[in-house]
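File shown: model-v9.cif. Contents: mmCIF, C-alpha atoms.
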data_query
loop_
_atom_site.label_atom_id
_atom_site.label_comp_id
_atom_site.auth_asym_id
_atom_site.auth_seq_id
_atom_site.Cartn_x
_atom_site.Cartn_y
_atom_site.Cartn_z
CA MET A 1 88.02 83.12 101.25
CA ASN A 2 91.02 81.03 100.19
CA VAL A 3 93.81 82.36 102.45
CA SER A 4 97.19 80.99 103.43
CA ILE A 5 99.24 82.50 106.24
CA GLY A 6 102.98 82.16 106.54
CA LEU A 7 106.29 83.89 107.01
CA ALA A 8 107.13 86.60 104.52
CA SER A 9 110.23 86.48 102.34
CA GLN A 10 112.25 89.24 100.72
CA ARG A 11 110.17 88.73 97.55
CA ASP A 12 107.12 89.92 99.53
CA ALA A 13 108.69 93.29 100.46
CA PRO A 14 107.16 95.31 97.57
CA ALA A 15 103.69 93.89 98.22
CA ILE A 16 103.94 94.49 101.98
CA ALA A 17 105.12 98.08 101.47
CA SER A 18 102.30 98.73 99.03
CA LEU A 19 99.68 97.19 101.34
CA ARG A 20 100.83 99.14 104.40
CA THR A 21 100.87 102.37 102.38
CA ARG A 22 97.31 101.73 101.11
CA VAL A 23 96.10 101.13 104.66
CA ALA A 24 97.81 104.34 105.86
CA GLU A 25 96.22 106.30 103.00
CA ASP A 26 92.82 104.83 103.86
CA LEU A 27 93.22 105.89 107.52
CA ALA A 28 94.27 109.38 106.45
CA GLN A 29 91.23 109.66 104.19
CA LEU A 30 88.91 108.55 106.99
CA HIS A 31 90.54 110.34 109.94
CA GLY A 32 92.77 113.07 108.52
CA ARG A 33 96.51 113.39 108.53
CA GLY A 34 98.37 112.10 111.56
CA PRO A 35 101.19 109.76 112.58
CA TRP A 36 99.25 106.90 110.95
CA ALA A 37 99.54 108.49 107.49
CA TRP A 38 102.87 107.57 105.98
CA THR A 39 104.39 105.97 102.91
CA VAL A 40 106.11 102.67 103.63
CA THR A 41 109.23 101.89 101.63
CA GLU A 42 110.42 98.55 100.40
CA GLY A 43 113.70 99.23 102.24
CA SER A 44 111.96 99.61 105.59
CA VAL A 45 110.11 96.34 105.02
CA LEU A 46 113.39 94.59 104.14
CA ARG A 47 114.99 95.91 107.35
CA GLY A 48 112.01 94.57 109.29
CA LEU A 49 112.41 91.18 107.65
CA LYS A 50 116.05 91.00 108.82
CA HIS A 51 115.30 91.57 112.49
CA SER A 52 111.75 90.25 112.95
CA ARG A 53 109.29 87.63 111.89
CA VAL A 54 106.88 89.06 109.36
CA LEU A 55 103.67 87.18 108.70
CA VAL A 56 101.55 87.59 105.59
CA ALA A 57 98.11 86.40 104.57
CA ARG A 58 97.94 85.53 100.89
CA THR A 59 95.06 84.95 98.54
CA PRO A 60 95.43 84.03 94.87
CA GLN A 61 95.52 87.81 94.25
CA GLY A 62 98.58 88.30 96.50
CA VAL A 63 99.43 89.64 99.97
CA VAL A 64 96.28 90.97 101.65
CA ALA A 65 97.35 91.27 105.30
CA THR A 66 100.54 91.45 107.32
CA LEU A 67 102.01 91.96 110.77
CA ARG A 68 105.48 91.94 112.24
CA LEU A 69 106.70 90.39 115.50
CA THR A 70 109.90 91.82 116.93
CA THR A 71 111.92 91.66 120.12
CA LYS A 72 112.86 95.34 119.78
CA LYS A 73 110.62 97.57 121.89
CA PRO A 74 108.88 100.24 119.81
CA TRP A 75 109.56 103.81 120.93
CA ALA A 76 105.91 104.47 121.93
CA ILE A 77 105.71 101.50 124.32
CA ASP A 78 106.26 102.22 128.02
CA PRO A 79 107.27 98.89 129.65
CA ALA A 80 106.00 100.09 133.06
CA TYR A 81 102.45 99.20 132.00
CA PHE A 82 103.16 95.55 131.19
CA ALA A 83 103.67 92.32 133.11
CA THR A 84 107.25 91.54 134.07
CA VAL A 85 108.50 88.94 131.61
CA ARG A 86 111.96 88.14 130.29
CA ARG A 87 111.05 87.53 126.65
CA PRO A 88 108.34 89.83 125.27
CA LEU A 89 107.52 90.21 121.60
CA TYR A 90 106.00 93.33 120.09
CA LEU A 91 103.32 93.21 117.43
CA VAL A 92 103.80 96.09 115.00
CA ASP A 93 102.99 97.07 111.43
CA MET A 94 99.69 95.20 111.21
CA ALA A 95 97.71 95.96 108.08
CA VAL A 96 94.71 94.37 106.36
CA GLU A 97 93.63 95.34 102.85
CA PRO A 98 90.91 98.00 103.39
CA GLY A 99 88.34 96.21 101.21
CA LEU A 100 88.89 92.94 103.10
CA GLN A 101 88.71 94.21 106.67
CA ARG A 102 86.14 92.72 109.04
CA GLN A 103 86.26 89.35 107.29
CA GLY A 104 88.45 87.46 109.77
CA LEU A 105 91.86 87.94 108.12
CA GLY A 106 93.24 89.97 111.02
CA ARG A 107 92.00 87.44 113.54
CA GLN A 108 93.64 84.60 111.57
CA LEU A 109 96.89 86.53 111.38
CA VAL A 110 96.87 87.21 115.14
CA GLY A 111 96.20 83.51 115.75
CA GLU A 112 99.28 82.62 113.73
CA ALA A 113 101.27 85.28 115.61
CA ARG A 114 100.36 83.51 118.84
CA ALA A 115 101.67 80.22 117.44
CA VAL A 116 104.90 81.94 116.44
CA ALA A 117 105.22 83.46 119.93
CA ARG A 118 104.81 80.06 121.59
CA ALA A 119 107.48 78.53 119.34
CA TRP A 120 109.88 81.51 119.59
CA PRO A 121 109.68 81.06 122.71
CA ALA A 122 108.23 84.31 124.01
CA GLU A 123 106.31 85.03 127.18
CA ALA A 124 104.07 87.84 125.93
CA ILE A 125 102.95 89.77 122.89
CA ARG A 126 102.64 93.50 123.49
CA LEU A 127 101.30 96.26 121.28
CA ASP A 128 99.95 99.76 121.21
CA ALA A 129 96.88 100.95 119.32
CA TYR A 130 95.60 104.42 118.64
CA ASP A 131 92.87 105.34 121.09
CA GLY A 132 89.43 106.36 119.85
CA ALA A 133 87.59 105.80 116.58
CA LEU A 134 90.82 105.45 114.62
CA GLY A 135 92.23 102.72 116.84
CA ALA A 136 92.02 98.97 116.60
CA GLY A 137 91.66 98.49 120.36
CA PRO A 138 88.28 96.72 120.18
CA PHE A 139 89.72 94.34 117.56
CA TYR A 140 92.66 93.40 119.80
CA ALA A 141 90.33 92.93 122.78
CA ARG A 142 88.19 90.54 120.68
CA CYS A 143 91.40 88.66 119.82
CA GLY A 144 92.07 88.04 123.53
CA PHE A 145 94.54 90.84 124.27
CA HIS A 146 94.04 92.62 127.58
CA GLU A 147 94.23 96.37 127.94
CA VAL A 148 97.00 97.18 130.39
CA GLY A 149 97.10 100.96 130.21
CA ARG A 150 96.72 104.20 128.33
CA ALA A 151 99.32 106.81 127.57
CA THR A 152 99.89 109.77 125.31
CA TYR A 153 102.99 109.72 123.16
CA ARG A 154 103.85 112.80 121.09
CA GLN A 155 100.31 114.10 121.59
CA VAL A 156 98.79 110.82 120.30
CA PRO A 157 96.58 108.89 122.75
CA LEU A 158 97.47 105.19 122.82
CA VAL A 159 96.06 102.07 124.41
CA TYR A 160 98.50 99.34 125.44
CA PHE A 161 97.52 95.69 125.06
CA GLU A 162 99.18 92.47 126.11
CA TRP A 163 98.65 88.76 125.59
CA LEU A 164 100.54 86.46 127.96
CA VAL A 165 101.73 83.15 126.54
CA ILE A 166 100.57 80.35 128.81
#
What is this file in C-alpha coordinates?
Amino acid sequence: MNVSIGLASQRDAPAIASLRTRVAEDLAQLHGRGPWAWTVTEGSVLRGLKHSRVLVARTPQGVVATLRLTTKKPWAIDPAYFATVRRPLYLVDMAVEPGLQRQGLGRQLVGEARAVARAWPAEAIRLDAYDGALGAGPFYARCGFHEVGRATYRQVPLVYFEWLVI
(Lines of atoms letter the chains of each structure in order from A and count residues from 1; the text may use other names and numbers.)
(Lines give C-alpha, C1' and ligand atoms only; values in the text may rest on other atoms or scores of the structure.)
Protein backbone atom coordinates (compact mmCIF):
# COMPACT_ATOMS: atom_id res chain seq x y z
CA MET A 1 0.00 0.00 0.00
CA ASN A 2 1.38 3.41 -0.99
CA VAL A 3 1.29 5.35 2.31
CA SER A 4 2.99 8.52 3.47
CA ILE A 5 2.99 9.58 7.11
CA GLY A 6 3.47 13.14 8.26
CA LEU A 7 2.19 15.98 10.37
CA ALA A 8 -1.36 17.09 9.72
CA SER A 9 -2.24 20.62 8.69
CA GLN A 10 -5.42 22.63 9.13
CA ARG A 11 -6.47 21.50 5.63
CA ASP A 12 -6.63 17.93 6.98
CA ALA A 13 -9.16 18.78 9.73
CA PRO A 14 -12.31 17.80 7.77
CA ALA A 15 -10.78 14.48 6.69
CA ILE A 16 -9.55 13.70 10.22
CA ALA A 17 -12.96 14.51 11.75
CA SER A 18 -14.70 12.34 9.17
CA LEU A 19 -12.28 9.43 9.71
CA ARG A 20 -12.56 9.52 13.49
CA THR A 21 -16.36 9.67 13.25
CA ARG A 22 -16.43 6.66 10.89
CA VAL A 23 -14.25 4.68 13.28
CA ALA A 24 -16.51 5.61 16.22
CA GLU A 25 -19.59 4.58 14.24
CA ASP A 26 -17.92 1.27 13.35
CA LEU A 27 -17.15 0.60 17.04
CA ALA A 28 -20.73 1.45 18.01
CA GLN A 29 -22.06 -0.93 15.36
CA LEU A 30 -19.79 -3.72 16.58
CA HIS A 31 -19.98 -3.13 20.34
CA GLY A 32 -23.03 -0.97 21.00
CA ARG A 33 -23.27 2.58 22.21
CA GLY A 34 -20.70 3.76 24.71
CA PRO A 35 -18.13 6.49 25.31
CA TRP A 36 -16.38 5.40 22.10
CA ALA A 37 -19.40 6.36 19.97
CA TRP A 38 -19.26 10.04 19.21
CA THR A 39 -19.26 12.47 16.32
CA VAL A 40 -15.99 14.35 15.92
CA THR A 41 -16.21 17.94 14.75
CA GLU A 42 -13.82 19.82 12.54
CA GLY A 43 -13.53 22.41 15.33
CA SER A 44 -12.32 19.85 17.85
CA VAL A 45 -9.71 18.62 15.37
CA LEU A 46 -8.54 22.20 14.75
CA ARG A 47 -8.19 22.76 18.52
CA GLY A 48 -6.13 19.58 18.72
CA LEU A 49 -3.89 20.80 15.92
CA LYS A 50 -3.15 24.01 17.85
CA HIS A 51 -1.96 22.29 21.01
CA SER A 52 -0.61 18.94 19.81
CA ARG A 53 1.19 17.17 17.03
CA VAL A 54 -1.28 15.32 14.85
CA LEU A 55 0.05 12.63 12.54
CA VAL A 56 -1.79 11.33 9.51
CA ALA A 57 -1.25 8.44 7.13
CA ARG A 58 -2.20 9.32 3.58
CA THR A 59 -2.81 7.22 0.51
CA PRO A 60 -3.71 8.62 -2.91
CA GLN A 61 -7.34 8.39 -1.70
CA GLY A 62 -6.69 10.70 1.28
CA VAL A 63 -6.25 10.47 5.07
CA VAL A 64 -6.67 6.86 6.20
CA ALA A 65 -5.22 6.93 9.73
CA THR A 66 -4.41 9.46 12.42
CA LEU A 67 -3.22 9.92 15.99
CA ARG A 68 -2.49 12.89 18.20
CA LEU A 69 0.41 13.43 20.61
CA THR A 70 -0.15 15.96 23.36
CA THR A 71 1.50 17.11 26.56
CA LYS A 72 -1.91 17.65 28.19
CA LYS A 73 -2.91 14.68 30.36
CA PRO A 74 -6.26 13.21 29.31
CA TRP A 75 -8.89 13.14 32.06
CA ALA A 76 -9.04 9.31 32.17
CA ILE A 77 -5.30 8.88 32.81
CA ASP A 78 -4.20 8.38 36.42
CA PRO A 79 -0.49 9.34 36.59
CA ALA A 80 0.03 7.12 39.66
CA TYR A 81 0.29 4.09 37.36
CA PHE A 82 3.14 5.42 35.23
CA ALA A 83 6.90 5.83 35.55
CA THR A 84 8.07 9.11 37.02
CA VAL A 85 9.24 11.26 34.11
CA ARG A 86 9.36 15.01 33.60
CA ARG A 87 8.19 15.13 29.98
CA PRO A 88 5.49 12.59 29.09
CA LEU A 89 3.43 12.69 25.92
CA TYR A 90 -0.05 11.23 25.63
CA LEU A 91 -1.21 9.34 22.56
CA VAL A 92 -4.89 10.07 21.94
CA ASP A 93 -7.44 10.07 19.13
CA MET A 94 -5.92 7.20 17.17
CA ALA A 95 -8.07 5.99 14.30
CA VAL A 96 -7.49 3.75 11.29
CA GLU A 97 -10.00 3.48 8.45
CA PRO A 98 -12.12 0.40 9.34
CA GLY A 99 -11.59 -1.29 5.97
CA LEU A 100 -7.81 -0.84 6.24
CA GLN A 101 -7.26 -2.07 9.79
CA ARG A 102 -4.86 -4.96 10.40
CA GLN A 103 -2.70 -3.99 7.43
CA GLY A 104 0.15 -2.28 9.30
CA LEU A 105 -1.02 1.35 9.07
CA GLY A 106 -1.44 1.70 12.83
CA ARG A 107 1.96 0.18 13.49
CA GLN A 108 3.57 2.60 11.00
CA LEU A 109 1.80 5.53 12.62
CA VAL A 110 2.96 4.47 16.10
CA GLY A 111 6.51 4.13 14.76
CA GLU A 112 6.38 7.71 13.52
CA ALA A 113 4.93 8.82 16.87
CA ARG A 114 8.00 7.34 18.55
CA ALA A 115 10.27 9.36 16.26
CA VAL A 116 8.30 12.50 17.09
CA ALA A 117 8.60 11.74 20.82
CA ARG A 118 12.38 11.34 20.57
CA ALA A 119 12.70 14.66 18.73
CA TRP A 120 10.20 16.54 20.97
CA PRO A 121 12.06 15.61 23.36
CA ALA A 122 9.78 13.49 25.51
CA GLU A 123 10.61 10.75 27.98
CA ALA A 124 7.52 8.58 27.56
CA ILE A 125 4.38 8.03 25.54
CA ARG A 126 1.36 7.12 27.63
CA LEU A 127 -2.13 6.06 26.63
CA ASP A 128 -5.27 4.35 27.77
CA ALA A 129 -7.23 1.74 25.84
CA TYR A 130 -10.64 0.25 26.46
CA ASP A 131 -10.33 -3.11 28.19
CA GLY A 132 -11.84 -6.21 26.63
CA ALA A 133 -12.89 -7.08 23.09
CA LEU A 134 -13.47 -3.44 22.18
CA GLY A 135 -10.00 -2.32 23.23
CA ALA A 136 -6.80 -1.99 21.28
CA GLY A 137 -4.63 -3.24 24.15
CA PRO A 138 -3.18 -6.22 22.25
CA PHE A 139 -2.29 -3.87 19.36
CA TYR A 140 -0.38 -1.50 21.66
CA ALA A 141 1.41 -4.44 23.32
CA ARG A 142 2.52 -5.67 19.85
CA CYS A 143 3.81 -2.14 19.19
CA GLY A 144 6.10 -2.36 22.24
CA PHE A 145 4.00 -0.52 24.82
CA HIS A 146 3.96 -2.05 28.29
CA GLU A 147 0.82 -2.43 30.33
CA VAL A 148 1.27 -0.48 33.56
CA GLY A 149 -2.15 -0.81 35.14
CA ARG A 150 -5.90 -1.10 34.90
CA ALA A 151 -8.54 1.26 36.16
CA THR A 152 -12.20 2.02 35.73
CA TYR A 153 -13.14 5.55 34.77
CA ARG A 154 -16.82 6.51 34.64
CA GLN A 155 -17.76 2.83 34.65
CA VAL A 156 -15.49 2.11 31.66
CA PRO A 157 -12.65 -0.40 32.24
CA LEU A 158 -9.35 0.89 30.88
CA VAL A 159 -5.85 -0.48 30.43
CA TYR A 160 -2.94 1.94 30.75
CA PHE A 161 0.11 1.54 28.51
CA GLU A 162 3.46 3.27 28.42
CA TRP A 163 6.48 3.35 26.16
CA LEU A 164 9.65 4.84 27.66
CA VAL A 165 11.93 6.75 25.30
CA ILE A 166 15.45 5.41 25.63
Looking at A:Trp120, A:Trp163, A:Tyr130, A:Phe82, which one is nearest to Gly149 in chain A, with distances taken over all atoms listed in the file?
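Checking each of A:Trp120, A:Trp163, A:Tyr130, A:Phe82 against Gly149 in chain A, counting all atoms listed in the file, the winner is A:Phe82.
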Could you check how far CA of Ala122 in chain A sits from CA of Leu158 in chain A, in Å to one decimal?
23.5 Å
If we draw a sphere of 8 Å around (96.6, 94.1, 107.0), which residues have at least one atom in it when counting only C-alpha atoms? Please report them as a ChimeraX atom specification.
/A:19-20,23,64-67,94-98,101,105-106
Take the PyMOL selection byres ((chain A and resi 110) around 12), run it mentally on this structure, and tell me the resulting residues as number ranges by chain.
A: 5-6, 54-57, 65-69, 91-92, 94-96, 104-109, 111-117, 125-127, 139-145, 163
To one decimal place, how far is CA of Leu164 in chain A from CA of Glu123 in chain A in Å?
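Straight-line distance from CA of Leu164 in chain A to CA of Glu123 in chain A works out to 6.0 Å.
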Excluding Val148 in chain A and its own-chain neighbours fewer than 2 positions away, which residues fall within 7 Å of it when counting only C-alpha atoms? Please give them as a list in words.
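So, after excluding close chain neighbours, the residues are Tyr81, Phe82, His146, Tyr160, Phe161 and Glu162 of chain A.
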Find, counting only C-alpha atoms, the residue in A:Ile77, A:Leu27, A:Val156, A:Ala15 that gets nearest to Thr41 in chain A.
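Closest to Thr41 in chain A of all the choices is A:Ala15.
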Just checking: using all atoms listed in the file, which residue out of A:Ala80, A:Val40, A:Leu89, A:Leu100 ends up closest to Val3 in chain A?
A:Leu100
Just to confirm, what's the straight-line distance from CA of His51 in chain A to CA of Pro14 in chain A in Å (one decimal)?
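Atom-to-atom, CA of His51 in chain A to CA of Pro14 in chain A, that is 17.4 Å.
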For each of A:Asp128, A:Asp78, A:Asp26, A:Asp12, take the minimum atom-to-atom distance to Gly43 in chain A, counting only C-alpha atoms, then give the residue where this is smallest.
A:Asp12
So which residues touch Pro60 in chain A within 12 Å, counting all atoms listed in the file, skipping near sequence neighbours fewer than 5 positions away, as number ranges by chain?
A: 1-4
